[in-house]
Structures are given as C-alpha cells and as structure tokens.
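J.: Submitted below is the structure of interest, expressed as structure tokens.
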Amino acid sequence: MRLRLTPQDNSFYDLFASTGRILVEAATVLAEFLGSDEARRHELARRMEDLEHEGDAATHAVLRRVNSSFVTPFDREDIYQLASRLDDCLDEMQAAVDLVIIYRLQELPAALTQVVQVLVRQAELTAAAMPRLRSLAGLSDYWVEVNRLENQADGIYRELLGTLFGGGYDAIEIMKNKEVVEALERAADAFEHVAHTVEAIALKET
Amino acid sequence: MRLRLTPQDNSFYDLFASTGRILVEAATVLAEFLGSDEARRHELARRMEDLEHEGDAATHAVLRRVNSSFVTPFDREDIYQLASRLDDCLDEMQAAVDLVIIYRLQELPAALTQVVQVLVRQAELTAAAMPRLRSLAGLSDYWVEVNRLENQADGIYRELLGTLFGGGYDAIEIMKNKEVVEALERAADAFEHVAHTVEAIALKET
Amino acid sequence: MRLRLTPQDNSFYDLFASTGRILVEAATVLAEFLGSDEARRHELARRMEDLEHEGDAATHAVLRRVNSSFVTPFDREDIYQLASRLDDCLDEMQAAVDLVIIYRLQELPAALTQVVQVLVRQAELTAAAMPRLRSLAGLSDYWVEVNRLENQADGIYRELLGTLFGGGYDAIEIMKNKEVVEALERAADAFEHVAHTVEAIALKET
C-alpha cells in the first residue's frame, strides 16, 4: 500500500472527481439535446464540445502529474488507463451528438431516450465513485451496478435494431439512426470499461 | 514461479476448464441454430442464453476467488483478463444468435456455416488449452492454430462481404446479414484475444 | 532501468525500426492505390499483402526473441503489446485496400486522400520514433503529434460521413464507401494506440 495521504496524491483524486462531474454534465447535455429542436441542438453541441475540451484538459493534467510525481496513489499505468477510459466515455457521447448534427436527424427513435437515461445513471455512479478511489472501499456496488446498466443499455440497443429494421425506415435512415444508437451503446460500454479499470485497481491495491 | 499445486490454485484451472466446455457447447449450439427452422432456433436461442448465464457465473466465481485468494497461480490481473476475454467469446456468439432472431432472418448465406465451423474448432482448441494452464507447457501450438483460424475466418468474412454486395441482396438485407457476419467475425477475434492472453501469461510465467 | 546497450537488446530496436519502415511503405502504397486504375490497384494490393507478411515476420521475430531473451530492454508484455499494435496499423491499411477490391469501387470520395495523407504522416512519425525507444528521450512530441493527427483524421472521417449521406450516393454505395473510410479511421486509431503504448513505456521506464 503506497502513501495515500500526501498532498501530491490528493490532486489525482481531485482530477478524477472533476472528470466525473464533467461526465455527468455531458450525459445531461446529451439527454436535453435529443429532446431539443435544431437551433437548441446546435447550442448544446457547442456545450458538449466545451465539455470535451474540459475533459481533455483534466486528462492531460493527470498525465502531466503522473510524469512529474515520484509518488502516485496507485500504479502509473492504472492512473493512465483510468484517465484515458474516462476520456472514452466523453468521446462517445460527443460522437452521438455530432452524428445527429452531421446526418441532420430530426425525429429520433423514442428508445434513444432510454439509452441516454442509462448513460446519465452510469455517469452519476462514476462521479460518485471517483472520490472513493482514495480509500478504494465500498466500490463493488458501483462496478456491479454499472455493469448491470450496460447490459440494460445492450437490451435497449437490440430492441432499437428491431424497431429500425422492422419497417417504416428506409435503408439510409436505418444507417443514420443505427450510427447514433451505436455511439450511445459504445458510451455505455466505455462506462463499463471505466468500472473494470476501477475494479482491477481495487483488486491489486486492497 | 508461484505455488502451482496447492488446492486453492486448482479451482482456477477448474473454472477456466468449465468455461472452455461452455464455449464448445455454445459454438455447437450456434452451428445447429444456423441450420434450423424458426421454431428450433428459438429453443436454441434460449439454450444459448442459459450458456451465457453459466459462463457469467463461472467468470464471477473466478473474480470472487481472485479477491479471496492470497495465492493465485499467476498474476491476478491476468486471471481477470483471461476470464473476461473468455466471456467475450460467449457474448459475441450469443450476439450472432440474437441478431438472427431480431432481424427474423430465414435464409442465411452458406458461408456463415464455414465461419461457425472455425468458431467450433477455436472453441475446442481453447477448451483443450485451459487444463494446460496448470503447467503452461505445450501451449504454443494452441495459440498459433487459433491465430491461423482467425485469419481463415477473416478470409471467409471478406468473401461473404463480396457475396452480400455482389448483387441479389437489397440494402436492408445486406445490413442485416452483415451484422450477423460481423458478430461471428468478432467471436473469432475474441478467441484470438484469449490466445494472446494465454501467450502473454506463458511469456511471463515460464 | 535495465541493461540498454547489450547486443541482444539492440535487435528489439532494430526489429521495431524495420516495422516502422514497413508502415511508411504501406501508407505510401495505400496513397498510390487510391489514385490508381484497377489494373495498377491489383499490383499494389499484392504489394500490400507482401508488406503485411513482412510485418508479421518482424512481429514474430520480436515475440520469438522475447521468449528467448533473458534480458529485455523493457517489460516483455510492453514489447509484446507494442509489436501487436504496430501489426494492427498494417492490418487496417491492408483491410482498406482489400475492401476497395472486394467492392470493386472505382470512384472514391476525394476526402479519402486526406485521411491517407494523415496515415502517411503518422507512419513517418512512428518510424522516426522507433529508434528513439533506445533512449526513451524526446518521444513526447511524437505521441502528442500522432494524437493530434488522429483527431484530424476523425474530423475528416465525420465530414466524409456527411458527404456520403448528403445525397448522390445510394444506400449500397454508402455502405461500401463507409466500410473503406472506417478501415482508414481504424488505421489512424491504431497509430494512436501505438503512441499510447510508447507513452506508457516511457512513463514506466524513465
């Protein structure tokens, strides 16, 4: 067990905690985006872009600190992997927003909202887990629930495929909507990968 | 070299061996599924779901044991990764079955059967390799052959794309069949990733 | 810090350097391929296949050496991962070539050339970085720039989607072109993953 309470360590937790907050806001922006008209969607897409830059800044602050710190709260590679996997969550949520804009999609399948609600919940659980990295205690509920939510997102995703291919959509509309749904599904996977990384860290360190 | 012969270690090998047997049965179910009528397909889809639950149970048994064991046969993270990659193989085979059901596909391209035969062979080799994790001896034939089979699956996959896009299928039929073929291709990749994990473990431990 | 200057270590660097040169040639072949007529494309596809075999040979030479060397310049798993991620870059570039042939695509969207120019640049930076693995010094410019290029490729990729779906392409043409573009995008990602691996090695070893 390495030094956990030295000031230079704390900042790692602070940086992960702020990334967690960014993920919650990004998921919330995504939820509003899907329910908005085109003008509002463009505002929210810009907001998502800002969040993505804030996330990148937090990630690079972590990596710079990993380089400069002699003592790190846990293995450098684990800090590195956790930072980059948190970044993946943000990237996929932004990808979904960008695809809706690129494809000028107006009406979206209703079930998209359900997937995004799963992402909001995963983001909230992830944000709540980040401060607990300090003690690495009581995290198993977090990763179990995030995995359960990913399975739920997967189920909604498969129903959505059934809807898209069930008639009433032409081939090009199917392709466009499918891309958006797949980005959301990858976002749910990315949150699960963050949880796997946290689980692997906890297995090693505790 | 860590203690290899203590009782608490053996159970890891037993759990991996049982996952190997589940993979062989899943690949066999998948092969029968493709050749069956709709009614039989629904029965086999339920059987595949049961196998997926059995696989999850074996995976979680491994992870619980990793948490509770002080001594593990090799690095905890490697046990963790091997368990989750074996799980990926099962997930992708189940995904292929689910997609055929979701899309209500009747006729499937004949070459699908060839890909599934590759998966059956990869599963048999994987199941035969799991008990050899104890000694980590004589495993190189396994990972070389699984890689060769993945290349073979990749070749069949590319021919299949040519067939699907070669005319005679409309855009939506192409999309549906392509999804199924891609799930099978990802299953072949997943078996290769298991082999890479076993190879990496052998590199370290021997 | 492990022995860096013993003869048996050098060969690792030599092998990675030769893989770097193969990647530069593969990216150059890919660039010419896209601008060529069908006859010339088949010649270049065969050349790409040869390069892929050369790459595999270099990869396996690394893995054999990892198995046989007692002393390695850095962790065996890192050498293993770097070798396999370099291999991924080549696989994706070859996949793009194969897809153009399989789909008998004549005219390709002009923006494809821009993505391939990014790949050429990423390959050149990667090839230039490989010899610097010996000292692990001055590599941060490399991974920062390769990441920037991947973001650039991602931007071009999204514009390309807009073009493909913007009208003037039927559904099947969209699907075919999209596959090729996606393979190129995965190649840009693969170069970024190589850079991440190098960065992770540098974080550990320095």
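So you can find residues: chains in the structure tokens are A, B, ... in the order shown, residues in each start at 1, and ligands are numbered from 1 in order.
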Return as a PyMOL selection string the residues belonging to chain C that are within 7 Å of chain B, counting only C-alpha atoms.
T.: chain C and resi 67+77+102-103+171-172
J.: Write out as a list in words which residues come within 8 Å of Leu112 in chain A when counting only C-alpha atoms, dropping same-chain ones fewer than 4 positions away.
T.: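 Returned residues: Leu108, Val116, Leu160 and Val181 of chain A.
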J.: For all heavy atoms, I'd like the residues from the last selection saved as a tab-separated table (two decimals), in the first residue's frame.
T.:
chain	number	residue	atom	x	y	z
A	108	LEU	N	-36.00	11.20	-33.75
A	108	LEU	CA	-35.16	10.08	-33.34
A	108	LEU	C	-36.03	9.02	-32.68
A	108	LEU	O	-37.03	9.37	-32.04
A	108	LEU	CB	-34.07	10.56	-32.38
A	108	LEU	CG	-33.05	11.52	-33.00
A	108	LEU	CD1	-32.32	12.30	-31.93
A	108	LEU	CD2	-32.07	10.75	-33.87
A	116	VAL	N	-30.01	6.94	-23.18
A	116	VAL	CA	-29.35	8.11	-22.59
A	116	VAL	C	-29.61	8.18	-21.09
A	116	VAL	O	-28.73	8.57	-20.32
A	116	VAL	CB	-29.78	9.41	-23.31
A	116	VAL	CG1	-29.21	10.63	-22.61
A	116	VAL	CG2	-29.31	9.37	-24.76
A	160	LEU	N	-33.94	-1.61	-30.25
A	160	LEU	CA	-33.90	-0.50	-31.21
A	160	LEU	C	-33.57	-0.99	-32.60
A	160	LEU	O	-34.16	-0.54	-33.59
A	160	LEU	CB	-32.85	0.52	-30.76
A	160	LEU	CG	-33.39	1.81	-30.20
A	160	LEU	CD1	-32.34	2.54	-29.38
A	160	LEU	CD2	-33.88	2.71	-31.34
A	181	VAL	N	-27.24	5.25	-32.44
A	181	VAL	CA	-27.50	4.26	-31.39
A	181	VAL	C	-26.21	3.53	-31.02
A	181	VAL	O	-25.94	3.29	-29.84
A	181	VAL	CB	-28.58	3.25	-31.86
A	181	VAL	CG1	-28.88	2.25	-30.75
A	181	VAL	CG2	-29.83	3.97	-32.28
J.: As an exercise, work out the distance from CA of Thr72 in chain A to CA of Arg134 in chain A in Å and give it to one decimal place.
T.: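 CA of Arg134 in chain A lies 11.5 Å from CA of Thr72 in chain A.
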J.: Using 10 Å as the limit and counting only C-alpha atoms, can you tabulate each residue of range 98-163 of chain C that touches range 42-53 of chain C, with its shortest atom-to-atom distance in Å and the two atoms involved, as JSON lines?
T.:
{"residue": "C:Asp98", "atom": "CA", "partner": "C:Ala45", "partner_atom": "CA", "distance": 7.2}
{"residue": "C:Val100", "atom": "CA", "partner": "C:Ala45", "partner_atom": "CA", "distance": 9.7}
{"residue": "C:Ile101", "atom": "CA", "partner": "C:His42", "partner_atom": "CA", "distance": 7.8}
J.: Can I get the selected residues back with all heavy atoms, as a PDB file, in the first residue's frame?
T.:
ATOM      1  N   ASP C  98      -8.146  -4.102 -49.342  1.00  0.00           N
ATOM      2  CA  ASP C  98      -8.960  -5.281 -49.674  1.00  0.00           C
ATOM      3  C   ASP C  98     -10.410  -4.908 -49.921  1.00  0.00           C
ATOM      4  O   ASP C  98     -11.047  -5.438 -50.842  1.00  0.00           O
ATOM      5  CB  ASP C  98      -8.889  -6.316 -48.541  1.00  0.00           C
ATOM      6  CG  ASP C  98      -7.514  -6.962 -48.451  1.00  0.00           C
ATOM      7  OD1 ASP C  98      -6.701  -6.760 -49.375  1.00  0.00           O
ATOM      8  OD2 ASP C  98      -7.260  -7.652 -47.448  1.00  0.00           O
ATOM      9  N   VAL C 100     -11.684  -2.064 -51.005  1.00  0.00           N
ATOM     10  CA  VAL C 100     -11.838  -1.391 -52.296  1.00  0.00           C
ATOM     11  C   VAL C 100     -11.889  -2.436 -53.422  1.00  0.00           C
ATOM     12  O   VAL C 100     -12.683  -2.339 -54.359  1.00  0.00           O
ATOM     13  CB  VAL C 100     -10.696  -0.386 -52.539  1.00  0.00           C
ATOM     14  CG1 VAL C 100     -10.732   0.146 -53.968  1.00  0.00           C
ATOM     15  CG2 VAL C 100     -10.781   0.764 -51.537  1.00  0.00           C
ATOM     16  N   ILE C 101     -11.067  -3.476 -53.292  1.00  0.00           N
ATOM     17  CA  ILE C 101     -11.027  -4.542 -54.303  1.00  0.00           C
ATOM     18  C   ILE C 101     -12.298  -5.395 -54.232  1.00  0.00           C
ATOM     19  O   ILE C 101     -12.975  -5.605 -55.234  1.00  0.00           O
ATOM     20  CB  ILE C 101      -9.775  -5.437 -54.103  1.00  0.00           C
ATOM     21  CG1 ILE C 101      -8.497  -4.613 -54.186  1.00  0.00           C
ATOM     22  CG2 ILE C 101      -9.801  -6.636 -55.038  1.00  0.00           C
ATOM     23  CD1 ILE C 101      -7.784  -4.641 -55.497  1.00  0.00           C
TER      24      ILE C 101
END
J.: Report as a VMD selection string all protein, DNA and RNA residues lying within 7 Å of Gly55 in chain A, evaluated on only C-alpha atoms, omitting residues in the same chain fewer than 5 positions from it.
T.: chain A and resid 19 22 87
J.: Go ahead and save the residues from that selection, with N, CA, C and O atoms, as a short mmCIF file (atom, residue, chain, number, x, y, z; two decimals), in the first residue's frame.
T.:
data_model
loop_
_atom_site.label_atom_id
_atom_site.label_comp_id
_atom_site.auth_asym_id
_atom_site.auth_seq_id
_atom_site.Cartn_x
_atom_site.Cartn_y
_atom_site.Cartn_z
N THR A 19 -13.36 15.09 -13.54
CA THR A 19 -13.76 14.39 -14.77
C THR A 19 -15.13 13.74 -14.57
O THR A 19 -15.99 13.78 -15.45
N ILE A 22 -17.72 16.29 -15.02
CA ILE A 22 -17.86 16.63 -16.45
C ILE A 22 -18.71 15.57 -17.16
O ILE A 22 -19.58 15.89 -17.97
N ASP A 87 -11.98 9.39 -20.55
CA ASP A 87 -12.00 10.20 -21.76
C ASP A 87 -12.85 9.53 -22.86
O ASP A 87 -13.59 10.21 -23.57
#
J.: List as a ChimeraX atom specification the protein and nucleic acid residues near Met93 in chain A, meaning an atom at most 9 Å away when only C-alpha atoms are counted, but skip any in the same chain fewer than 4 places from it.
T.: /A:26-27,30,48,88-89,97-98,119,183-184,186-187
J.: Between CA of Ala58 in chain B and CA of Thr28 in chain B, what is the distance in Å, rounded to a tenth?
T.: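 Between these atoms lies a distance of 19.2 Å.
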J.: Quick one: residues within 8 Å of Asp78 in chain C, only C-alpha atoms counted, chain neighbours fewer than 4 positions away excluded, as a list in words?
T.: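 Close residues of Asp78 in chain C: Phe74, Leu82, Thr197 and Ile201 of chain C.
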J.: Mind pulling up the distance from CA of Val120 in chain A to CA of Arg21 in chain A?
T.: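 Pair CA of Arg21 in chain A / CA of Val120 in chain A returns 11.3 Å.
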J.: Using only C-alpha atoms, pick whichever of C:Gln106, C:Ser69, C:Asn147, C:Thr59 has the shortest atom-to-atom distance to Gly20 in chain C.
T.: C:Thr59
J.: For each of C:Val180, C:Val24, C:Val115, C:Ser140, take the minimum atom-to-atom distance to Leu63 in chain A, counting only C-alpha atoms, then give the residue where this is smallest.
T.: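 Among the listed residues, C:Ser140 lies closest to Leu63 in chain A.
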J.: Which residues are close to Val146 in chain C, i.e. within 12 Å by only C-alpha atoms, leaving aside same-chain residues fewer than 5 positions away? Reply as JSON, numbers by chain.
T.: {"C": [118, 119, 120, 121, 122, 123, 124, 125, 126, 127, 128, 129, 139, 140, 141, 151, 152, 153, 187, 188, 189, 190, 191, 192, 193, 194, 195, 196, 198, 199]}
